[in-house]
Amino acid sequence: MNDTMVTLVGNAATAVDFRETATGGMARFRFAVTPRRRDRETQLWTDGPTSFYTVWAWRTLAANLAGSVAIGEPLLVHGRLKVREEERDGGRRTFVDVEAIAIGHDLSRGTAAFRRVVRTEPVLTTPVRNGPDGKSGGTPGGSADHGPGGGADVSPTVREKAAVS
């Protein structure tokens with residue numbers, strides 16, 4: 001696969017547009033990147049021309065993005081660069097998109113408080129049944145189905161952490 005991967009530093013130029021689709025969530029927003037350079041003659045920082053990108057995110061990233069980003073916030077966007085041309089209004093226009101893999105706030109320009117999202121996925125194991133001795137467990141002397149987060153090979157500390165997250 002020969003994708004062009006980019007990491008952009010800039011600001012959210014529009015609000016995040018989130019939509020639920022048949023395959024999961026989809027979000028998009030416009031992202032503005034303005035380079036800053038030091039002018040050697042004036043010894044001052046100057047802004048270069050602003051480039052705009054449409055950033056696309058899918059599934060969990062899309063949902064988290066919609067609940068985390070507002071217009072004007074400084075961000076870092078990492079993803080696949082996509083350039084496309086379309087015929088519009090009698091002329092050919094070029095659009096530059098980024099299919100995001102990761103998006104985060106630029107902590108060199110502010111602080112953020114991260115909150116982990118608790119996923120609620122269906123349990124893929126069978127329910128715990130009472131064994132022949134009336135206690136939970138499977139067959140006598142055999143391995144028991146301990147359900148999600150359980151298991152004889154998992155330490156109590158790991159089970160406790162799994163229950164918290």
# chains A, B, ... in the order shown; residues from 1 in each chain; ligands from 1

call {"tool": "residues_around", "arguments": {"residues": "A:Ala62", "least_positions_apart": "5", "cutoff": "9 Å", "atoms": "only C-alpha atoms", "output": "list of chain:residue names"}}
result
A:Phe18, A:Arg19, A:Gly24, A:Gly25, A:Met26, A:Ala27, A:Arg28, A:Trp56, A:Ala57, A:Gly67

call {"tool": "write_last_selection", "arguments": {"atoms": "all heavy atoms", "output": "compact mmCIF listing (two decimals), in the first residue's frame"}}
result
# COMPACT_ATOMS: atom_id res chain seq x y z
N PHE A 18 -21.03 15.43 12.55
CA PHE A 18 -21.07 14.00 12.87
C PHE A 18 -22.38 13.40 12.36
O PHE A 18 -23.44 13.98 12.54
CB PHE A 18 -20.96 13.77 14.37
CG PHE A 18 -21.08 12.33 14.77
CD1 PHE A 18 -20.00 11.48 14.66
CD2 PHE A 18 -22.27 11.82 15.26
CE1 PHE A 18 -20.09 10.15 15.01
CE2 PHE A 18 -22.38 10.48 15.62
CZ PHE A 18 -21.28 9.64 15.49
N ARG A 19 -22.27 12.23 11.74
CA ARG A 19 -23.45 11.51 11.26
C ARG A 19 -23.29 10.03 11.55
O ARG A 19 -22.21 9.48 11.43
CB ARG A 19 -23.63 11.69 9.75
CG ARG A 19 -23.91 13.11 9.39
CD ARG A 19 -24.11 13.29 7.93
NE ARG A 19 -24.25 14.71 7.66
CZ ARG A 19 -24.19 15.23 6.47
NH1 ARG A 19 -24.01 14.47 5.43
NH2 ARG A 19 -24.34 16.52 6.31
N GLY A 24 -21.27 2.63 11.13
CA GLY A 24 -20.73 3.33 12.29
C GLY A 24 -20.74 4.82 12.05
O GLY A 24 -21.26 5.30 11.05
N GLY A 25 -20.14 5.56 12.96
CA GLY A 25 -20.15 7.01 12.86
C GLY A 25 -19.20 7.54 11.80
O GLY A 25 -18.22 6.90 11.43
N MET A 26 -19.51 8.73 11.30
CA MET A 26 -18.68 9.44 10.34
C MET A 26 -18.66 10.90 10.77
O MET A 26 -19.69 11.46 11.12
CB MET A 26 -19.26 9.30 8.93
CG MET A 26 -18.47 9.97 7.82
SD MET A 26 -18.74 11.74 7.56
CE MET A 26 -20.46 11.84 7.25
N ALA A 27 -17.47 11.50 10.76
CA ALA A 27 -17.36 12.92 11.10
C ALA A 27 -16.43 13.59 10.11
O ALA A 27 -15.51 12.98 9.57
CB ALA A 27 -16.83 13.09 12.52
N ARG A 28 -16.70 14.87 9.88
CA ARG A 28 -15.80 15.67 9.03
C ARG A 28 -15.78 17.09 9.53
O ARG A 28 -16.74 17.57 10.15
CB ARG A 28 -16.22 15.60 7.57
CG ARG A 28 -17.48 16.36 7.30
CD ARG A 28 -17.80 16.38 5.84
NE ARG A 28 -19.06 17.09 5.69
CZ ARG A 28 -19.87 16.96 4.69
NH1 ARG A 28 -19.56 16.14 3.71
NH2 ARG A 28 -20.99 17.64 4.64
N TRP A 56 -11.62 13.72 7.53
CA TRP A 56 -12.66 12.70 7.66
C TRP A 56 -12.24 11.72 8.74
O TRP A 56 -11.09 11.31 8.81
CB TRP A 56 -12.83 11.93 6.35
CG TRP A 56 -13.29 12.79 5.21
CD1 TRP A 56 -12.52 13.55 4.39
CD2 TRP A 56 -14.63 12.98 4.79
NE1 TRP A 56 -13.30 14.20 3.47
CE2 TRP A 56 -14.61 13.86 3.69
CE3 TRP A 56 -15.86 12.49 5.23
CZ2 TRP A 56 -15.76 14.27 3.03
CZ3 TRP A 56 -17.01 12.89 4.57
CH2 TRP A 56 -16.95 13.77 3.48
N ALA A 57 -13.18 11.33 9.59
CA ALA A 57 -12.92 10.33 10.63
C ALA A 57 -14.08 9.34 10.64
O ALA A 57 -15.21 9.69 10.31
CB ALA A 57 -12.78 11.00 11.99
N GLY A 67 -17.42 14.83 20.20
CA GLY A 67 -17.60 15.25 21.59
C GLY A 67 -16.41 15.98 22.17
O GLY A 67 -16.44 16.35 23.35

call {"tool": "residues_around", "arguments": {"residues": "stretch 36-43 of chain A", "least_positions_apart": "4", "cutoff": "12 Å", "atoms": "only C-alpha atoms", "output": "PyMOL selection string"}}
result
chain A and resi 9-10+47-50

call {"tool": "residues_around", "arguments": {"residues": "A:Thr4", "least_positions_apart": "2", "cutoff": "7 Å", "atoms": "only C-alpha atoms", "output": "PyMOL selection string"}}
result
chain A and resi 2+6+80-81

call {"tool": "write_last_selection", "arguments": {"atoms": "all heavy atoms", "output": "PDB file, in the first residue's frame"}}
result
ATOM      1  N   ASN A   2       0.657   2.142  -0.907  1.00  0.00           N
ATOM      2  CA  ASN A   2       1.475   3.333  -1.053  1.00  0.00           C
ATOM      3  C   ASN A   2       0.694   4.581  -0.697  1.00  0.00           C
ATOM      4  O   ASN A   2       0.536   5.484  -1.515  1.00  0.00           O
ATOM      5  CB  ASN A   2       2.010   3.440  -2.482  1.00  0.00           C
ATOM      6  CG  ASN A   2       3.001   2.353  -2.798  1.00  0.00           C
ATOM      7  OD1 ASN A   2       3.772   1.956  -1.936  1.00  0.00           O
ATOM      8  ND2 ASN A   2       2.996   1.860  -4.019  1.00  0.00           N
ATOM      9  N   VAL A   6       0.446  11.938   6.422  1.00  0.00           N
ATOM     10  CA  VAL A   6       0.805  13.301   6.807  1.00  0.00           C
ATOM     11  C   VAL A   6       0.431  13.537   8.264  1.00  0.00           C
ATOM     12  O   VAL A   6      -0.467  12.897   8.802  1.00  0.00           O
ATOM     13  CB  VAL A   6       0.101  14.366   5.927  1.00  0.00           C
ATOM     14  CG1 VAL A   6       0.569  14.290   4.495  1.00  0.00           C
ATOM     15  CG2 VAL A   6      -1.405  14.239   6.006  1.00  0.00           C
ATOM     16  N   ARG A  80      -4.109   9.740   6.207  1.00  0.00           N
ATOM     17  CA  ARG A  80      -3.791   9.524   4.790  1.00  0.00           C
ATOM     18  C   ARG A  80      -4.230  10.729   3.970  1.00  0.00           C
ATOM     19  O   ARG A  80      -5.391  11.127   4.033  1.00  0.00           O
ATOM     20  CB  ARG A  80      -4.528   8.290   4.278  1.00  0.00           C
ATOM     21  CG  ARG A  80      -4.037   7.003   4.861  1.00  0.00           C
ATOM     22  CD  ARG A  80      -4.881   5.819   4.352  1.00  0.00           C
ATOM     23  NE  ARG A  80      -4.539   4.643   5.103  1.00  0.00           N
ATOM     24  CZ  ARG A  80      -5.087   4.310   6.279  1.00  0.00           C
ATOM     25  NH1 ARG A  80      -6.026   5.070   6.811  1.00  0.00           N
ATOM     26  NH2 ARG A  80      -4.712   3.226   6.914  1.00  0.00           N
ATOM     27  N   LEU A  81      -3.326  11.259   3.178  1.00  0.00           N
ATOM     28  CA  LEU A  81      -3.613  12.393   2.311  1.00  0.00           C
ATOM     29  C   LEU A  81      -4.314  11.904   1.055  1.00  0.00           C
ATOM     30  O   LEU A  81      -3.875  10.938   0.421  1.00  0.00           O
ATOM     31  CB  LEU A  81      -2.314  13.107   1.939  1.00  0.00           C
ATOM     32  CG  LEU A  81      -2.444  14.385   1.130  1.00  0.00           C
ATOM     33  CD1 LEU A  81      -3.117  15.466   1.974  1.00  0.00           C
ATOM     34  CD2 LEU A  81      -1.083  14.845   0.664  1.00  0.00           C
TER      35      LEU A  81
END

call {"tool": "atom_distance", "arguments": {"atom1": "atom CA of A:Val33", "atom2": "atom CA of A:Glu86"}}
result
22.6 Å

call {"tool": "residues_around", "arguments": {"residues": "stretch 102-116 of chain A", "least_positions_apart": "6", "cutoff": "7 Å", "atoms": "only C-alpha atoms", "output": "list in words"}}
result
Pro74, Leu75, Leu76, Val77, His78 and Gly79 of chain A

call {"tool": "write_last_selection", "arguments": {"atoms": "C-alpha atoms", "output": "PDB file, in the first residue's frame"}}
result
ATOM      1  CA  PRO A  74      -5.459  23.830  18.063  1.00  0.00           C
ATOM      2  CA  LEU A  75      -5.090  20.242  16.841  1.00  0.00           C
ATOM      3  CA  LEU A  76      -2.699  17.708  15.395  1.00  0.00           C
ATOM      4  CA  VAL A  77      -4.136  15.481  12.670  1.00  0.00           C
ATOM      5  CA  HIS A  78      -2.387  12.336  11.435  1.00  0.00           C
ATOM      6  CA  GLY A  79      -3.739  10.375   8.486  1.00  0.00           C
TER       7      GLY A  79
END

call {"tool": "atom_distance", "arguments": {"atom1": "atom CA of A:Thr14", "atom2": "atom CA of A:Arg92"}}
result
24.1 Å

call {"tool": "select_by_dssp", "arguments": {"residues": "stretch 8-142 of chain A", "states": "strand (DSSP E or B)", "output": "MDAnalysis selection string"}}
result
chainID A and resid 8:12 17:21 24:33 36:39 44:47 51:58 74:88 91:105 130 136

call {"tool": "atom_distance", "arguments": {"atom1": "atom CA of A:Arg119", "atom2": "atom CA of A:Thr54"}}
result
27.8 Å
